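Okay, input-v8.txt now, which holds compact mmCIF, C-alpha atoms:
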# COMPACT_ATOMS: atom_id res chain seq x y z
CA MET A 439 2.55 -22.55 17.39
CA PRO A 440 3.38 -19.72 19.81
CA ALA A 441 0.42 -17.40 20.21
CA ALA A 442 2.72 -14.38 20.38
CA LEU A 443 4.07 -14.88 16.87
CA PRO A 444 2.76 -12.08 14.61
CA ASP A 445 0.67 -12.84 11.55
CA LEU A 446 2.07 -12.45 8.06
CA VAL A 447 0.91 -8.87 7.50
CA THR A 448 2.17 -7.73 10.90
CA MET A 449 5.57 -9.25 10.20
CA LEU A 450 5.69 -7.49 6.84
CA ARG A 451 4.68 -4.21 8.45
CA GLU A 452 7.43 -4.47 11.08
CA LEU A 453 10.11 -5.36 8.53
CA ILE A 454 9.20 -2.44 6.26
CA ALA A 455 9.31 -0.11 9.28
CA SER A 456 12.90 -1.17 10.00
CA PRO A 457 15.14 0.72 7.54
CA SER A 458 18.06 -1.33 6.22
CA ILE A 459 19.39 0.46 3.15
CA SER A 460 22.72 -0.74 1.82
CA CYS A 461 24.66 1.53 -0.48
CA SER A 462 28.22 2.16 -1.62
CA SER A 463 27.74 5.73 -0.36
CA ALA A 464 28.27 6.05 3.40
CA ASP A 465 25.64 8.81 3.47
CA TRP A 466 22.95 6.25 2.62
CA ASP A 467 24.33 3.02 4.08
CA GLN A 468 22.59 1.59 7.16
CA SER A 469 22.81 -1.41 9.47
CA ASN A 470 20.57 -4.42 8.84
CA LEU A 471 20.57 -5.54 12.48
CA GLY A 472 17.02 -4.30 13.12
CA VAL A 473 15.70 -6.71 10.50
CA ILE A 474 17.98 -9.54 11.61
CA THR A 475 16.86 -9.13 15.24
CA LYS A 476 13.17 -9.35 14.32
CA LEU A 477 13.66 -12.41 12.14
CA GLU A 478 15.81 -14.11 14.78
CA SER A 479 13.16 -13.51 17.43
CA TRP A 480 10.27 -14.82 15.32
CA LEU A 481 12.16 -17.89 14.13
CA SER A 482 13.42 -18.70 17.62
CA ASP A 483 9.82 -18.55 18.85
CA LEU A 484 8.92 -21.11 16.18
CA GLY A 485 11.61 -23.49 17.41
CA PHE A 486 14.37 -22.75 14.87
CA ARG A 487 17.96 -22.84 16.06
CA THR A 488 19.33 -19.43 15.13
CA GLU A 489 22.81 -18.10 14.56
CA VAL A 490 23.60 -14.46 13.85
CA MET A 491 26.87 -14.21 11.90
CA PRO A 492 28.54 -10.75 11.75
CA VAL A 493 29.93 -9.94 8.31
CA PRO A 494 33.72 -9.48 8.62
CA GLY A 495 34.84 -5.93 8.05
CA GLN A 496 31.26 -4.61 7.91
CA PRO A 497 30.23 -3.17 11.29
CA GLY A 498 26.49 -3.33 11.85
CA LYS A 499 25.96 -5.96 9.17
CA SER A 500 25.08 -9.61 9.88
CA ASN A 501 23.66 -12.73 8.29
CA LEU A 502 21.17 -15.06 9.98
CA ILE A 503 21.05 -18.84 9.65
CA ALA A 504 17.91 -20.34 11.20
CA THR A 505 17.52 -24.12 11.15
CA LEU A 506 14.55 -26.36 11.90
CA GLY A 507 15.38 -30.04 12.16
CA THR A 508 18.70 -31.84 11.82
CA GLY A 509 20.61 -34.04 9.45
CA PRO A 510 22.23 -33.78 6.03
CA GLY A 511 20.54 -32.33 2.97
CA GLY A 512 17.49 -30.19 3.38
CA LEU A 513 16.14 -26.98 1.88
CA VAL A 514 17.33 -23.36 2.17
CA LEU A 515 14.85 -20.50 1.73
CA SER A 516 17.04 -17.45 1.27
CA GLY A 517 16.52 -13.71 1.06
CA HIS A 518 18.42 -10.48 1.57
CA THR A 519 17.50 -8.10 4.36
CA ASP A 520 18.67 -4.85 2.75
CA THR A 521 16.98 -2.48 0.32
CA VAL A 522 18.20 0.11 -2.15
CA PRO A 523 18.00 3.82 -1.28
CA CYS A 524 14.80 5.66 -2.18
CA ASN A 525 13.50 9.12 -3.04
CA SER A 526 10.71 9.39 -0.50
CA GLU A 527 9.39 12.59 -2.10
CA LEU A 528 8.44 10.56 -5.20
CA TRP A 529 6.34 8.07 -3.20
CA GLN A 530 2.59 8.45 -2.67
CA SER A 531 3.04 7.07 0.86
CA ASP A 532 5.83 6.77 3.41
CA PRO A 533 8.24 4.11 2.02
CA PHE A 534 8.92 2.90 5.58
CA ARG A 535 5.25 2.40 6.46
CA LEU A 536 3.29 -0.50 5.00
CA ASP A 537 0.38 0.97 3.05
CA GLU A 538 -2.43 -1.23 1.74
CA ARG A 539 -4.41 -0.04 -1.27
CA ASP A 540 -5.59 -1.40 -4.63
CA ASN A 541 -5.09 -4.99 -3.39
CA ARG A 542 -1.39 -4.28 -2.96
CA PHE A 543 1.06 -3.76 -0.11
CA TYR A 544 3.24 -0.70 -0.70
CA GLY A 545 6.57 -0.06 1.00
CA LEU A 546 10.31 -0.12 0.42
CA GLY A 547 11.30 -3.80 0.24
CA THR A 548 7.81 -5.26 -0.09
CA CYS A 549 8.82 -7.25 -3.17
CA ASP A 550 12.61 -6.76 -3.15
CA MET A 551 12.69 -8.56 -0.90
CA LYS A 552 11.62 -8.29 2.72
CA GLY A 553 8.20 -9.64 1.74
CA PHE A 554 9.69 -13.08 1.16
CA PHE A 555 10.51 -13.60 4.85
CA PRO A 556 6.94 -13.48 6.27
CA ILE A 557 5.87 -15.76 3.42
CA ALA A 558 8.63 -18.26 4.21
CA ILE A 559 7.80 -18.14 7.93
CA GLU A 560 4.10 -18.63 7.17
CA ALA A 561 4.95 -21.71 5.10
CA ALA A 562 7.20 -23.03 7.88
CA ARG A 563 4.47 -22.72 10.55
CA ARG A 564 2.65 -25.75 9.18
CA PHE A 565 5.61 -28.00 9.92
CA ILE A 566 6.36 -26.96 13.49
CA GLY A 567 6.36 -30.05 15.68
CA GLN A 568 6.45 -32.45 12.74
CA PRO A 569 9.34 -34.91 12.41
CA LEU A 570 11.42 -33.47 9.57
CA LYS A 571 13.67 -35.98 7.86
CA GLN A 572 15.90 -33.21 6.51
CA PRO A 573 16.33 -29.67 7.84
CA LEU A 574 14.60 -26.49 6.76
CA ILE A 575 16.94 -23.48 6.77
CA ILE A 576 15.80 -19.87 6.48
CA LEU A 577 18.75 -17.71 5.48
CA ALA A 578 18.82 -13.90 5.71
CA THR A 579 21.77 -12.03 4.21
CA ALA A 580 23.30 -8.55 4.32
CA ASP A 581 24.26 -6.06 1.61
CA GLU A 582 22.95 -7.86 -1.47
CA GLU A 583 22.06 -4.53 -3.07
CA SER A 584 25.58 -3.12 -2.78
CA SER A 585 28.55 -5.44 -2.33
CA MET A 586 27.00 -8.87 -1.67
CA SER A 587 29.37 -9.01 1.28
CA GLY A 588 26.89 -11.15 3.22
CA ALA A 589 26.75 -13.89 0.59
CA ARG A 590 30.50 -13.70 0.07
CA ALA A 591 31.07 -14.18 3.81
CA LEU A 592 28.82 -17.25 3.80
CA ALA A 593 30.67 -18.69 0.82
CA GLU A 594 33.97 -18.09 2.60
CA ALA A 595 32.65 -19.85 5.72
CA GLY A 596 31.22 -22.73 3.68
CA ARG A 597 27.73 -22.30 5.15
CA PRO A 598 24.96 -23.19 5.17
CA LYS A 599 25.05 -26.76 3.93
CA ALA A 600 21.94 -28.17 2.26
CA ARG A 601 20.87 -29.97 -0.90
CA TYR A 602 18.44 -27.40 -2.33
CA ALA A 603 18.12 -23.61 -2.23
CA VAL A 604 15.37 -21.20 -3.28
CA ILE A 605 16.26 -17.51 -3.40
CA GLY A 606 13.03 -15.54 -3.09
CA GLU A 607 13.80 -12.58 -5.39
CA PRO A 608 10.73 -11.19 -7.23
CA THR A 609 10.09 -13.39 -10.27
CA GLY A 610 6.29 -13.59 -10.34
CA ILE A 611 6.61 -17.09 -8.77
CA LYS A 612 8.36 -18.32 -11.92
CA PRO A 613 11.46 -20.47 -11.44
CA ILE A 614 14.68 -18.89 -12.73
CA TYR A 615 17.51 -21.25 -13.59
CA MET A 616 19.98 -18.82 -15.15
CA HIS A 617 21.05 -15.19 -14.94
CA LYS A 618 23.82 -12.95 -16.20
CA GLY A 619 26.73 -11.79 -14.09
CA ILE A 620 27.62 -8.20 -13.25
CA MET A 621 30.96 -6.42 -13.20
CA MET A 622 31.32 -2.67 -12.64
CA ASP A 623 34.67 -0.99 -13.21
CA VAL A 624 36.13 2.49 -13.47
CA VAL A 625 38.75 3.67 -15.98
CA ARG A 626 40.89 6.55 -14.71
CA VAL A 627 42.98 8.44 -17.24
CA THR A 628 45.66 10.78 -15.90
CA GLY A 629 47.15 13.22 -18.37
CA ARG A 630 48.75 16.64 -17.96
CA SER A 631 46.86 19.90 -17.85
CA GLY A 632 48.01 22.97 -19.75
CA HIS A 633 46.95 26.03 -21.72
CA SER A 634 44.65 25.08 -24.57
CA SER A 635 46.42 27.48 -26.97
CA ASP A 636 49.36 25.07 -27.21
CA PRO A 637 48.55 21.30 -27.17
CA SER A 638 52.22 20.49 -26.59
CA LEU A 639 51.94 21.92 -23.08
CA GLY A 640 49.75 19.06 -21.87
CA ALA A 641 48.38 15.57 -22.51
CA SER A 642 44.62 15.46 -22.84
CA ALA A 643 42.95 12.84 -20.66
CA LEU A 644 39.71 13.50 -22.53
CA GLU A 645 41.22 12.66 -25.91
CA ALA A 646 42.74 9.51 -24.45
CA MET A 647 39.36 8.64 -22.98
CA HIS A 648 37.89 8.91 -26.47
CA GLY A 649 40.29 6.15 -27.45
CA VAL A 650 39.33 4.14 -24.34
CA MET A 651 35.65 4.39 -25.22
CA GLY A 652 36.37 3.26 -28.77
CA GLU A 653 38.22 0.21 -27.48
CA LEU A 654 35.44 -0.70 -25.05
CA ILE A 655 32.79 -0.38 -27.76
CA ALA A 656 34.89 -2.54 -30.11
CA PHE A 657 35.34 -5.09 -27.30
CA ARG A 658 31.57 -5.14 -26.75
CA ARG A 659 31.02 -5.79 -30.45
CA GLU A 660 33.44 -8.72 -30.39
CA LEU A 661 31.86 -10.22 -27.27
CA GLN A 662 28.39 -9.99 -28.79
CA GLN A 663 29.62 -11.73 -31.94
CA GLN A 664 31.25 -14.50 -29.91
CA TYR A 665 28.68 -15.15 -27.15
CA ARG A 666 24.92 -15.63 -27.39
CA GLN A 667 22.30 -17.37 -25.23
CA SER A 668 18.82 -17.35 -26.72
CA ASP A 669 17.03 -17.98 -23.38
CA PHE A 670 17.76 -14.38 -22.37
CA THR A 671 15.53 -11.59 -23.62
CA VAL A 672 18.76 -9.72 -24.39
CA SER A 673 20.65 -12.70 -25.75
CA VAL A 674 24.15 -11.19 -25.78
CA PRO A 675 26.48 -9.80 -23.11
CA THR A 676 26.02 -6.07 -22.62
CA LEU A 677 28.54 -3.33 -21.85
CA ASN A 678 27.16 0.03 -20.77
CA LEU A 679 29.21 3.22 -20.59
CA GLY A 680 27.45 4.61 -17.55
CA CYS A 681 28.99 7.93 -16.53
CA ILE A 682 31.99 10.09 -17.36
CA HIS A 683 33.67 12.97 -15.52
CA GLY A 684 36.60 15.03 -16.72
CA GLY A 685 38.07 18.45 -17.21
CA ASP A 686 37.09 21.77 -15.69
CA ASN A 687 37.27 24.50 -18.32
CA PRO A 688 37.16 24.80 -22.13
CA ASN A 689 40.48 26.69 -22.31
CA ARG A 690 42.41 24.13 -20.24
CA ILE A 691 43.78 20.81 -21.43
CA CYS A 692 41.99 18.11 -19.44
CA GLY A 693 44.34 16.51 -16.92
CA ARG A 694 42.05 13.82 -15.50
CA CYS A 695 39.04 11.88 -16.75
CA GLU A 696 37.06 8.96 -15.31
CA LEU A 697 34.61 6.57 -16.95
CA GLU A 698 32.45 4.05 -15.08
CA PHE A 699 30.95 1.11 -16.98
CA ASP A 700 29.15 -2.13 -16.34
CA LEU A 701 29.46 -5.41 -18.20
CA ARG A 702 26.94 -8.24 -17.87
CA PRO A 703 28.50 -11.54 -18.92
CA LEU A 704 26.62 -14.66 -19.93
CA PRO A 705 27.10 -18.02 -18.21
CA GLY A 706 30.39 -19.48 -19.35
CA MET A 707 32.15 -16.10 -19.32
CA SER A 708 34.70 -15.38 -16.58
CA ILE A 709 34.79 -11.96 -14.90
CA ASP A 710 38.54 -12.35 -14.24
CA VAL A 711 39.22 -13.16 -17.91
CA LEU A 712 37.12 -10.19 -19.03
CA ARG A 713 38.96 -7.80 -16.73
CA GLU A 714 42.32 -9.02 -17.96
CA ALA A 715 41.21 -8.61 -21.59
CA ILE A 716 40.16 -5.02 -20.90
CA HIS A 717 43.53 -4.26 -19.29
CA GLN A 718 45.33 -5.72 -22.32
CA ARG A 719 43.28 -3.60 -24.74
CA LEU A 720 43.63 -0.30 -22.90
CA ALA A 721 47.29 -0.41 -21.83
CA PRO A 722 48.68 0.27 -25.36
CA LEU A 723 46.81 3.60 -25.47
CA GLN A 724 49.04 5.12 -22.79
CA GLN A 725 52.13 5.79 -24.90
CA PRO A 726 50.55 7.46 -27.96
CA PHE A 727 48.43 9.77 -25.81
CA GLY A 728 51.12 10.37 -23.17
CA VAL A 729 48.80 9.41 -20.30
CA LYS A 730 48.44 6.85 -17.53
CA ILE A 731 45.41 4.53 -17.71
CA ASP A 732 44.28 2.67 -14.61
CA VAL A 733 41.33 0.26 -14.48
CA GLN A 734 39.86 -0.62 -11.10
CA GLU A 735 36.86 -2.68 -10.02
CA LEU A 736 34.06 -0.80 -8.28
CA PHE A 737 33.09 -4.04 -6.52
CA PRO A 738 34.25 -7.63 -6.94
CA GLY A 739 31.42 -8.58 -9.28
CA ILE A 740 28.73 -11.24 -9.40
CA PRO A 741 29.45 -14.36 -11.44
CA PRO A 742 26.87 -15.56 -13.96
CA PHE A 743 24.54 -18.28 -12.67
CA GLN A 744 23.31 -21.35 -14.51
CA ASN A 745 21.59 -24.47 -13.27
CA SER A 746 20.61 -27.44 -15.39
CA ARG A 747 17.18 -27.24 -17.01
CA THR A 748 16.68 -30.84 -15.90
CA SER A 749 17.83 -30.51 -12.27
CA GLU A 750 15.61 -31.99 -9.58
CA LEU A 751 14.67 -28.62 -8.10
CA VAL A 752 14.06 -26.94 -11.47
CA ARG A 753 11.71 -29.73 -12.59
CA THR A 754 9.90 -29.74 -9.25
CA ALA A 755 9.42 -25.96 -9.30
CA GLU A 756 8.12 -26.10 -12.87
CA ALA A 757 5.60 -28.77 -11.87
CA LEU A 758 4.43 -26.85 -8.80
CA THR A 759 4.09 -23.45 -10.49
CA GLY A 760 3.04 -24.45 -13.99
CA HIS A 761 5.76 -22.17 -15.38
CA GLN A 762 8.76 -23.22 -17.43
CA ALA A 763 12.07 -22.14 -15.96
CA GLU A 764 13.39 -18.88 -17.41
CA ALA A 765 16.53 -16.74 -17.60
CA VAL A 766 16.80 -13.15 -16.31
CA ALA A 767 19.29 -10.34 -16.76
CA PHE A 768 19.50 -9.19 -13.13
CA GLY A 769 22.01 -10.65 -10.69
CA THR A 770 21.33 -12.48 -7.42
CA GLU A 771 23.13 -14.41 -4.68
CA ALA A 772 22.44 -17.68 -6.55
CA PRO A 773 26.04 -18.33 -7.71
CA PHE A 774 27.25 -18.13 -4.11
CA LEU A 775 24.74 -20.70 -2.83
CA GLN A 776 25.29 -22.88 -5.86
CA GLY A 777 29.01 -22.70 -5.10
CA LEU A 778 28.24 -24.30 -1.73
CA GLY A 779 26.95 -27.36 -3.59
CA MET A 780 23.21 -26.66 -3.60
CA ASP A 781 20.75 -27.26 -6.43
CA THR A 782 19.66 -23.62 -6.68
CA ILE A 783 16.85 -21.60 -8.25
CA VAL A 784 15.59 -18.04 -7.95
CA MET A 785 11.83 -17.83 -7.36
CA GLY A 786 9.75 -15.43 -5.34
CA PRO A 787 6.64 -13.26 -5.23
CA GLY A 788 6.29 -9.88 -6.91
CA SER A 789 7.78 -8.43 -10.06
CA ILE A 790 11.28 -7.11 -10.70
CA ALA A 791 9.52 -4.24 -12.54
CA GLN A 792 8.38 -2.93 -9.13
CA ALA A 793 11.84 -3.22 -7.56
CA HIS A 794 14.02 -0.12 -7.12
CA GLN A 795 11.05 2.08 -8.03
CA PRO A 796 8.94 4.65 -6.17
CA ASP A 797 5.77 3.02 -4.81
CA GLU A 798 7.26 -0.46 -4.77
CA TYR A 799 4.54 -2.98 -4.01
CA LEU A 800 3.66 -6.64 -3.54
CA SER A 801 0.29 -7.72 -4.93
CA HIS A 802 -2.05 -9.59 -2.61
CA ASP A 803 -2.56 -12.29 -5.24
CA GLN A 804 1.12 -13.29 -5.07
CA ILE A 805 1.14 -14.11 -1.36
CA ASN A 806 -0.99 -17.23 -0.83
CA PRO A 807 0.23 -18.96 -4.01
CA MET A 808 3.83 -18.43 -2.91
CA VAL A 809 3.08 -19.76 0.57
CA GLY A 810 1.53 -22.82 -1.06
CA VAL A 811 4.52 -23.49 -3.30
CA LEU A 812 6.94 -23.21 -0.38
CA GLU A 813 4.78 -25.53 1.75
CA GLN A 814 4.97 -28.16 -0.97
CA LEU A 815 8.73 -27.78 -1.30
CA ILE A 816 9.18 -28.10 2.48
CA GLN A 817 6.92 -31.14 2.53
CA LYS A 818 8.86 -32.84 -0.25
CA TYR A 819 12.43 -32.01 0.70
CA CYS A 820 12.22 -31.71 4.50
CA LEU A 821 9.21 -33.65 5.82
CA HIS A 822 9.49 -36.56 3.42
CA GLY A 823 13.12 -36.05 2.39
CA LYS A 824 12.32 -37.08 -1.19
CA THR A 825 14.48 -36.18 -4.18
CA ASP A 826 12.46 -37.89 -6.91
CA ALA A 827 10.58 -35.72 -9.39

Let's see the structure in the file written out as structure tokens.
Amino acid sequence: MPAALPDLVTMLRELIASPSISCSSADWDQSNLGVITKLESWLSDLGFRTEVMPVPGQPGKSNLIATLGTGPGGLVLSGHTDTVPCNSELWQSDPFRLDERDNRFYGLGTCDMKGFFPIAIEAARRFIGQPLKQPLIILATADEESSMSGARALAEAGRPKARYAVIGEPTGIKPIYMHKGIMMDVVRVTGRSGHSSDPSLGASALEAMHGVMGELIAFRRELQQQYRQSDFTVSVPTLNLGCIHGGDNPNRICGRCELEFDLRPLPGMSIDVLREAIHQRLAPLQQPFGVKIDVQELFPGIPPFQNSRTSELVRTAEALTGHQAEAVAFGTEAPFLQGLGMDTIVMGPGSIAQAHQPDEYLSHDQINPMVGVLEQLIQKYCLHGKTDA
């Protein structure tokens, strides 16, 4: 092992100190190349073959594919390099400086999810110089927290190829075999402004939006009657009316109104079918209210993810962790890797309850157990190349 390679804590410290916020707002959005460069350097020093892949149409954003060994099959350990924005004034310490206290590491991205990379590298160290029968791939992606453009670019390129994939999102080292999808759309209602003393002078976008909201709530009720999956804590699809903006004065008929909402479908539900159903429900409201209604996606959406409860990787992860595979409501890059043909789970250190929060942290007691689980997965699927349970 190269003597110059930093230890786990030093790697974590350097990654936290390299800001890589991704956000739909250009005021917040940053490049992830600082993180990619560090990971590429460390993995190259360990003997991995590395490839930095720029994300098309996203200047300053890249993915990294680092491969140890050759051949078909193998194991992918995957994480995203970006973080959400933060309100530094709400933190007890600098979010871009690793702070150790109370047996925890504090910093933006410690659990979601820069902390996974030093853990994966630490697990990989043990196998440097050993004859792997199948490759070990460490994958680092861009923009998971905003558009998932990094994972989408990989899916478009058909890479990487492997048999198994572990996405190290914070799950308390519990294997996750299923999660909901996410779609976020905006409804724009365009009416006609006018003097409020005479309703015939305008067409109220706000009143039409009242009808839109009624239709969306009715649609939610129908979906929740039709679809249910008891493995989820919230067992039905959810539809949240998130924010609304319209009008400018009480004595003026509202000419424009916008509503943004999110819908979280269960496995088996199609985002494209849901969007078409919403269009079909809202279009008939235009004529009676005298308005134009336009529905647009805020981002392409994340499909629901579901693996088999009896898949090879799910059963192996359950045996190694002592935890039964679970379902979660948050979305990940899992459907994109699964779409490349990999037996995929989500499993990593830390808790989702600490993600996207001031004073995000990774507990010390999550680190060594996660290293140990990854070492056993690498030994089974890369060193020995076994697929038996």

Problem - Straight-line distance linking CA of Ile783 in chain A with CA of Gly760 in chain A, stated in Å to one decimal - result: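 Separating CA of Ile783 in chain A from CA of Gly760 in chain A is a distance of 15.2 Å.
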
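In terms of minimum interatomic distance to His648 in chain A, A:Gly684 ranks closest within A:Pro787, A:Gly684, A:Pro573, A:Gly777, counting all atoms listed in the file.
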
Exercise for the section: Can you pull out every residue within 12 Å of range 715-726 of chain A, counting only C-alpha atoms, but drop anything in the same chain fewer than 5 positions away, and send it as a ChimeraX atom specification? Expected result: /A:623-629,641-643,645-658,660-661,677,699,701,707-710,731-735

Residue contacts of range 808-812 of chain A (12 Å, all atoms listed in the file) excluding same-chain residues fewer than 3 positions away, as an mmCIF file with C-alpha atoms, in the frame of the given file:
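To be explicit, this is the file written out as result.cif:
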data_model
loop_
_atom_site.group_PDB
_atom_site.id
_atom_site.type_symbol
_atom_site.label_atom_id
_atom_site.label_comp_id
_atom_site.auth_asym_id
_atom_site.auth_seq_id
_atom_site.Cartn_x
_atom_site.Cartn_y
_atom_site.Cartn_z
ATOM 1 C CA LEU A 446 2.070 -12.450 8.060
ATOM 2 C CA LEU A 513 16.140 -26.980 1.880
ATOM 3 C CA VAL A 514 17.330 -23.360 2.170
ATOM 4 C CA LEU A 515 14.850 -20.500 1.730
ATOM 5 C CA SER A 516 17.040 -17.450 1.270
ATOM 6 C CA GLY A 553 8.200 -9.640 1.740
ATOM 7 C CA PHE A 554 9.690 -13.080 1.160
ATOM 8 C CA PHE A 555 10.510 -13.600 4.850
ATOM 9 C CA PRO A 556 6.940 -13.480 6.270
ATOM 10 C CA ILE A 557 5.870 -15.760 3.420
ATOM 11 C CA ALA A 558 8.630 -18.260 4.210
ATOM 12 C CA ILE A 559 7.800 -18.140 7.930
ATOM 13 C CA GLU A 560 4.100 -18.630 7.170
ATOM 14 C CA ALA A 561 4.950 -21.710 5.100
ATOM 15 C CA ALA A 562 7.200 -23.030 7.880
ATOM 16 C CA ARG A 563 4.470 -22.720 10.550
ATOM 17 C CA ARG A 564 2.650 -25.750 9.180
ATOM 18 C CA PHE A 565 5.610 -28.000 9.920
ATOM 19 C CA LEU A 574 14.600 -26.490 6.760
ATOM 20 C CA ILE A 576 15.800 -19.870 6.480
ATOM 21 C CA ALA A 603 18.120 -23.610 -2.230
ATOM 22 C CA VAL A 604 15.370 -21.200 -3.280
ATOM 23 C CA ILE A 605 16.260 -17.510 -3.400
ATOM 24 C CA GLY A 606 13.030 -15.540 -3.090
ATOM 25 C CA GLU A 607 13.800 -12.580 -5.390
ATOM 26 C CA PRO A 608 10.730 -11.190 -7.230
ATOM 27 C CA THR A 609 10.090 -13.390 -10.270
ATOM 28 C CA GLY A 610 6.290 -13.590 -10.340
ATOM 29 C CA ILE A 611 6.610 -17.090 -8.770
ATOM 30 C CA LYS A 612 8.360 -18.320 -11.920
ATOM 31 C CA PRO A 613 11.460 -20.470 -11.440
ATOM 32 C CA THR A 754 9.900 -29.740 -9.250
ATOM 33 C CA ALA A 755 9.420 -25.960 -9.300
ATOM 34 C CA GLU A 756 8.120 -26.100 -12.870
ATOM 35 C CA ALA A 757 5.600 -28.770 -11.870
ATOM 36 C CA LEU A 758 4.430 -26.850 -8.800
ATOM 37 C CA THR A 759 4.090 -23.450 -10.490
ATOM 38 C CA GLY A 760 3.040 -24.450 -13.990
ATOM 39 C CA MET A 785 11.830 -17.830 -7.360
ATOM 40 C CA GLY A 786 9.750 -15.430 -5.340
ATOM 41 C CA PRO A 787 6.640 -13.260 -5.230
ATOM 42 C CA GLY A 788 6.290 -9.880 -6.910
ATOM 43 C CA LEU A 800 3.660 -6.640 -3.540
ATOM 44 C CA SER A 801 0.290 -7.720 -4.930
ATOM 45 C CA HIS A 802 -2.050 -9.590 -2.610
ATOM 46 C CA ASP A 803 -2.560 -12.290 -5.240
ATOM 47 C CA GLN A 804 1.120 -13.290 -5.070
ATOM 48 C CA ILE A 805 1.140 -14.110 -1.360
ATOM 49 C CA LEU A 815 8.730 -27.780 -1.300
ATOM 50 C CA ILE A 816 9.180 -28.100 2.480
ATOM 51 C CA GLN A 817 6.920 -31.140 2.530
ATOM 52 C CA LYS A 818 8.860 -32.840 -0.250
ATOM 53 C CA TYR A 819 12.430 -32.010 0.700
ATOM 54 C CA CYS A 820 12.220 -31.710 4.500
#

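Atom pair CA of Ala464 in chain A / CA of Arg694 in chain A: separated by 24.6 Å.
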
How about completing range 797-812 of chain A with N, CA and C atoms and giving it to me as a PDB file, in the coordinates of the input?
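To be explicit, this is the file written out as rebuild.pdb:
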ATOM      1  N   ASP A 797       7.006   3.780  -4.982  1.00  0.00           N
ATOM      2  CA  ASP A 797       5.770   3.020  -4.810  1.00  0.00           C
ATOM      3  C   ASP A 797       5.932   1.539  -5.116  1.00  0.00           C
ATOM      4  N   GLU A 798       7.049   0.990  -4.674  1.00  0.00           N
ATOM      5  CA  GLU A 798       7.260  -0.460  -4.770  1.00  0.00           C
ATOM      6  C   GLU A 798       6.129  -1.179  -4.049  1.00  0.00           C
ATOM      7  N   TYR A 799       5.656  -2.282  -4.638  1.00  0.00           N
ATOM      8  CA  TYR A 799       4.540  -2.980  -4.010  1.00  0.00           C
ATOM      9  C   TYR A 799       4.622  -4.487  -4.235  1.00  0.00           C
ATOM     10  N   LEU A 800       3.863  -5.196  -3.408  1.00  0.00           N
ATOM     11  CA  LEU A 800       3.660  -6.640  -3.540  1.00  0.00           C
ATOM     12  C   LEU A 800       2.156  -6.868  -3.635  1.00  0.00           C
ATOM     13  N   SER A 801       1.720  -7.479  -4.722  1.00  0.00           N
ATOM     14  CA  SER A 801       0.290  -7.720  -4.930  1.00  0.00           C
ATOM     15  C   SER A 801      -0.223  -8.794  -3.981  1.00  0.00           C
ATOM     16  N   HIS A 802      -1.433  -8.598  -3.486  1.00  0.00           N
ATOM     17  CA  HIS A 802      -2.050  -9.590  -2.610  1.00  0.00           C
ATOM     18  C   HIS A 802      -2.087 -10.971  -3.266  1.00  0.00           C
ATOM     19  N   ASP A 803      -2.353 -11.007  -4.579  1.00  0.00           N
ATOM     20  CA  ASP A 803      -2.560 -12.290  -5.240  1.00  0.00           C
ATOM     21  C   ASP A 803      -1.274 -13.102  -5.424  1.00  0.00           C
ATOM     22  N   GLN A 804      -0.135 -12.546  -5.013  1.00  0.00           N
ATOM     23  CA  GLN A 804       1.120 -13.290  -5.070  1.00  0.00           C
ATOM     24  C   GLN A 804       1.420 -14.024  -3.760  1.00  0.00           C
ATOM     25  N   ILE A 805       0.731 -13.643  -2.685  1.00  0.00           N
ATOM     26  CA  ILE A 805       1.140 -14.110  -1.360  1.00  0.00           C
ATOM     27  C   ILE A 805       0.735 -15.555  -1.099  1.00  0.00           C
ATOM     28  N   ASN A 806      -0.546 -15.857  -1.140  1.00  0.00           N
ATOM     29  CA  ASN A 806      -0.990 -17.230  -0.830  1.00  0.00           C
ATOM     30  C   ASN A 806      -0.433 -18.260  -1.802  1.00  0.00           C
ATOM     31  N   PRO A 807      -0.390 -17.975  -3.114  1.00  0.00           N
ATOM     32  CA  PRO A 807       0.230 -18.960  -4.010  1.00  0.00           C
ATOM     33  C   PRO A 807       1.694 -19.240  -3.674  1.00  0.00           C
ATOM     34  N   MET A 808       2.428 -18.207  -3.256  1.00  0.00           N
ATOM     35  CA  MET A 808       3.830 -18.430  -2.910  1.00  0.00           C
ATOM     36  C   MET A 808       3.950 -19.231  -1.625  1.00  0.00           C
ATOM     37  N   VAL A 809       3.096 -18.948  -0.659  1.00  0.00           N
ATOM     38  CA  VAL A 809       3.080 -19.760   0.570  1.00  0.00           C
ATOM     39  C   VAL A 809       2.828 -21.216   0.214  1.00  0.00           C
ATOM     40  N   GLY A 810       1.867 -21.454  -0.672  1.00  0.00           N
ATOM     41  CA  GLY A 810       1.530 -22.820  -1.060  1.00  0.00           C
ATOM     42  C   GLY A 810       2.677 -23.547  -1.733  1.00  0.00           C
ATOM     43  N   VAL A 811       3.385 -22.865  -2.624  1.00  0.00           N
ATOM     44  CA  VAL A 811       4.520 -23.490  -3.300  1.00  0.00           C
ATOM     45  C   VAL A 811       5.615 -23.849  -2.298  1.00  0.00           C
ATOM     46  N   LEU A 812       5.900 -22.933  -1.375  1.00  0.00           N
ATOM     47  CA  LEU A 812       6.940 -23.210  -0.380  1.00  0.00           C
ATOM     48  C   LEU A 812       6.526 -24.355   0.541  1.00  0.00           C
TER      49      LEU A 812
END
